[in-house]
Every structure is written in structure tokens, then in C-alpha cells.
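First the structure, in the form of C-alpha cells, and then the observations on it.
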Amino acid sequence: MFKDLPLWTNVAVFLAAGVVVWIAGTRVSRYADEIQKATGVGEALVGMLLLGFITALPELGVTATASYAGNAKLAVNNLLGGMALNVAILASADAVIRREALTAGVATPLPMLQGALLVLMLAIVGGATVVGDRAVLGIGLWAWLLLAVYLMSIMVVRRTRGQEGWVRDHTDPPRPAAEGAAAAADEGHSDDTETGPLAPLLGKTALGAGAILVAGYAIARTGETLAEQTGLGQSFFGAVFLALTTSLPEISIVFSTVRLGNYAMAVSDIFGANLFGLALLFLVDAIYQGEPALAAAGRFATFASLLGIAVAALFIAGLLERRHIMILRMGLDSVFVLIVYAAGVSVLYTLR
């Protein structure tokens with residue numbers, strides 16, 4: 001349908017769907033904050049399982065649609081391009097805090113565990129693109145391995161949830177709780193506000209997730225057409241522009257959670273969405289009628305996975321070091337992430 005429409009009409013639909021994703025993502029972040037307060041599950045686990053899944057819904061729409069249409073390359077490059085982009089979004093959100101580095105305010109080891117598991121899955125993808133793949137029951141062997149590691153990561157994170165976090169000492173600057181509370185009040189949700197009944201919160205969250213999924217489908221179909229109409233190519237368009245639009249939930253949710261002071265939830269949202277996104281490569285192989293998708297991904301996908309490893313490793317190092325060095329109102333690790341991502345995108349453009 002979209003292939004018969006002119007370029008600017010597809011651009012308008014593409015942008016309108018992106019606006020829907022942004023608004024729904026902002027609302028879902030508020031609901032998630034109230035859910036974790038009402039259930040006591042914890043910021044990191046809610047960020048990984050609930051927000052991570054919801055923010056990955058546009059990728060789910062793009063993956064299923066592109067794979068069914070026989071365009072596995074667009075599906076794979078959108079997923080892999082989103083890995084590094086999501087971490088860059090997290091680094092950009094660091095500027096919202098202003099008083100301390102984002103990584104210095106995360107007082108739980110869970111996000112680091114999620115980041116390590118993310119690096120492992122990205123390494124699996126990189127290996128698959130280099131050595132090739134073989135189908136088992138119609139699905140690539142590497143895709144089976146990715147699914148197994150993702151399921152394992154959920155179990156490991158759940159078991160680790162009860163461990164104690166970091167203890168702040170006199171060298172740590174105070175967490176900007178007042179700033180977070182003020183931002184929450186601006187949004188109509190202060191920290192001391194009692195949460196409502198759980199069932200309505202879950203219902204609103206489900207409606208927001210549905211809106212994100214429908215808008216993600218529209219983004220997928222128009223994005224595939226725009227890749228051809230603009231002449232940018234499926235690989236570069238999928239890894240940059242399409243990945244940016246499908247990452248709008250991450251942008252809105254991460255910035256909202258950071259304003260609320262839920263730093264661990266913001267980091268876990270990004271790492272959780274990336275873990276789920278890599279598990280979607282199993283879906284690509286399950287839907288796509290052809291050879292395993294990673295077997296034909298090529299150098300572009302290999303470098304995209306390496307770029308994802310690089311920015312994730314930088315952020316994990318920041319979570320471990322917990323330095324308070326600020327540059328341009330961001331932590332030093334966030335600045336490095338943005339520099340590496342910008343350089344990586346320029347390389348991806350040459351490989352398109």
C-alpha cells in the first residue's frame with residue numbers, strides 16, 4: 001500500500017507514527033514507576049522485563065513485518081542498529097541529571113549483570129555473521145542459542161534481584177532527589193503520592209503498549225518503502241533512521257524515568273530492550289522463508305554488533321567505576337559513548 005504513495009506522504013505517516021510512539025512511551029514510563037512502587041519488585045527488574053519488553057514492541061512490529069515480506073536484511077539491521085543507538089540514548093539522558101553522572105547514581109549490580117549478558121549475546125551475533133549458520137528445525141542454530149541465552153538471562157536476573165546494592169560513602173555526591181521529585185511533580189506524580197490500584201495501572205500500561213505496537217507496524221511498512229524511495233539502502237536506513245524511530249519509546253521512557261530519579265530502571269530498560277531485541281532474531285528466522293538470516297547478514301551486521309559491544313562495555317565500565325567527572329553536564333563515560341557511536345555510524349554509512 002505504501003509503495004504506491006508519494007515520498008512526502010510516507011514521510012508524514014512515518015513521523016505521525018513516531019509521535020504516537022513518543023506519547024505512549026511517556027505515559028507508560030509513569031505507569032511503570034507506579035507499578036514498581038505498588039509491587040515492590042524493584043526498579044531494575046521492572047525496567048528489564050516490563051519496560052524492556054514494551055519499548056521493544058516497535059522492533060517486534062518491524063521484525064515480524066519485514067521478515068514476513070521477505071526482507072530479512074532490514075529486520076536484522078534494524079535490530080542490530082538499535083543496540084548501539086539505545087545505549088547512546090541512555091548516555092544522552094545523562095544530561096538531564098546535571099548534578100552527577102548517571103552511572104554514579106545506580107546503586108544496584110543488576111544493570112551491570114544485564115550489560116554483561118548483552119555483550120555475550122552481541123558476541124554470539126558477531127560470531128554468527130562471520131562463520132555462517134545452519135538451520136535446525138527451520139531456524140538458524142545461532143538463533144536458537146540467542147533464545148536460550150535470553151531465557152537464561154531472565155532467570156539469572158530474577159535470582160540476583162535480592163542481592164544488596166552499593167553503599168554510598170562520604171565521597172559520593174547526594175543523589176538529586178529534590179530535582180527528581182520536582183520533575184515528578186511537574187508531571188503530576190510526586191514521589192510521596194500513593195499509587196493507585198494495580199489492575200487499572202496494568203490496564204493503562206497494556207493500552208499504551210498496544211498503541212506502541214500498532215504505530216510500530218506503521219513505522220515498519222513506511223520505513224521499508226522510504227529506504228527504497230530515498231536511495232539510502234536497506235542496511236543503512238534500517239540501522240540508523242528506522243532504528244531511531246523504533247527507539248522513540250526508549251527515548252521518552254528513559255528521559256522520563258531519569259527525571260523521576262529512577263536511574264536503575266532507566267539503565268535496565270535499555271539493556272532489557274536490547275536483550276529482547278536480540279532474542280527477536282529467533283523470530284526473524286522463524287518467519288523468514290529462506291536461509292538463516294544471520295548467515296547472509298554480512299560485514300554491516302558484524303560491525304553493528306561490534307559497535308553495540310563497544311558502547312555497552314563503556315557504560316558497564318562507568319557503572320563499575322562510578323566516577324563523578326562531568327563534561328557538558330554528562331558523565332565522562334556517557335561522552336565517550338556518544339563519540340564512539342557517532343564514529344561507528346560514519347563507518348556503517350560506508351558499509352551500507
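In the C-alpha cells, the first chain shown is A, the next is B, and so on; residue numbers restart at 1 for each chain, and ligands run from 1 in the order shown.
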
Who sits within 12 Å of Ser305 in chain A, only C-alpha atoms, same chain under 2 positions skipped, as a VMD selection string: chain A and resid 76 to 85 118 to 130 239 274 278 294 297 to 303 307 to 312 344 348

Please write the residues from the selection above to a file, keeping C-alpha atoms, as a CSV table (one decimal), in the first residue's frame.
chain,number,residue,atom,x,y,z
A,76,VAL,CA,18.3,-7.8,11.2
A,77,ASN,CA,19.9,-4.4,10.6
A,78,ASN,CA,17.1,-2.6,12.4
A,79,LEU,CA,17.6,-4.8,15.4
A,80,LEU,CA,21.4,-4.6,15.4
A,81,GLY,CA,21.4,-0.8,14.7
A,82,GLY,CA,19.2,-0.3,17.7
A,83,MET,CA,21.6,-1.9,20.1
A,84,ALA,CA,24.2,0.9,20.0
A,85,LEU,CA,21.6,3.6,19.4
A,118,LEU,CA,24.1,-8.1,26.4
A,119,VAL,CA,27.7,-8.2,25.5
A,120,LEU,CA,27.6,-12.0,25.4
A,121,MET,CA,24.6,-12.0,23.1
A,122,LEU,CA,26.1,-9.4,20.8
A,123,ALA,CA,29.3,-11.5,20.6
A,124,ILE,CA,27.1,-14.5,19.5
A,125,VAL,CA,25.6,-12.4,16.8
A,126,GLY,CA,29.1,-11.3,15.6
A,127,GLY,CA,30.3,-14.8,15.5
A,128,ALA,CA,27.3,-16.0,13.5
A,129,THR,CA,27.8,-13.3,10.9
A,130,VAL,CA,31.5,-14.4,10.5
A,239,ALA,CA,20.4,0.6,11.2
A,274,ASN,CA,18.4,-4.7,23.8
A,278,LEU,CA,18.5,-9.8,20.1
A,294,LEU,CA,22.5,-14.2,10.2
A,297,ALA,CA,23.9,-10.6,7.2
A,298,GLY,CA,27.5,-9.7,6.0
A,299,ARG,CA,30.0,-7.1,7.2
A,300,PHE,CA,27.4,-4.5,8.0
A,301,ALA,CA,25.8,-6.6,10.7
A,302,THR,CA,29.2,-7.7,12.0
A,303,PHE,CA,30.3,-4.2,12.6
A,307,LEU,CA,29.7,-1.2,17.8
A,308,GLY,CA,27.0,-2.4,20.2
A,309,ILE,CA,29.6,-4.3,22.3
A,310,ALA,CA,31.8,-1.2,22.4
A,311,VAL,CA,29.2,1.2,23.7
A,312,ALA,CA,27.8,-1.3,26.2
A,344,GLY,CA,30.5,4.0,14.4
A,348,LEU,CA,28.2,2.0,8.9

Which residues, written as a VMD selection string, have at least one atom at most 8 Å from Thr65 in chain A, with only C-alpha atoms counted and residues fewer than 4 positions away on the same chain left out? chain A and resid 61 69 217 220 to 221

Please produce an output containing C-alpha atoms for each residue in the selection, written as a compact mmCIF listing (two decimals), in the first residue's frame.
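Final file, out_6.txt:
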# COMPACT_ATOMS: atom_id res chain seq x y z
CA GLY A 61 6.48 -4.91 14.61
CA ALA A 69 7.69 -9.63 3.46
CA TYR A 217 3.73 -1.63 12.41
CA ALA A 220 7.90 -0.73 9.67
CA ARG A 221 5.86 -0.56 6.48

Just want the 9 Å neighbourhood of Leu145 in chain A, counted on only C-alpha atoms, with same-chain residues fewer than 3 positions away dropped. Output as a list of chain:residue names.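 Those residues are A:Met121, A:Ile124, A:Gly140, A:Leu141, A:Trp142, A:Ala148, A:Val149, A:Tyr150, A:Phe282.
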
So which one's closest to Ala107 in chain A, A:Gly261, A:Gly272, A:Gly138, A:Pro292? Using only C-alpha atoms, please.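 Selected residue with least distance to Ala107 in chain A: A:Gly261.
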
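Counting only C-alpha atoms, the residue from A:Gly331, A:Gly25, A:Gly290, A:Gly203 that sits nearest to Ile253 in chain A is A:Gly25.
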
Closest to Leu328 in chain A among A:Ala199, A:Pro249, A:Ala286, A:Glu100, using only C-alpha atoms?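 For Leu328 in chain A, the nearest of the given residues is A:Glu100.
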
Can you tell me, as a PyMOL selection string, what residues are no more than 7 Å from Thr103 in chain A when counting only C-alpha atoms, ignoring any on the same chain fewer than 5 positions away? chain A and resi 318-319+322
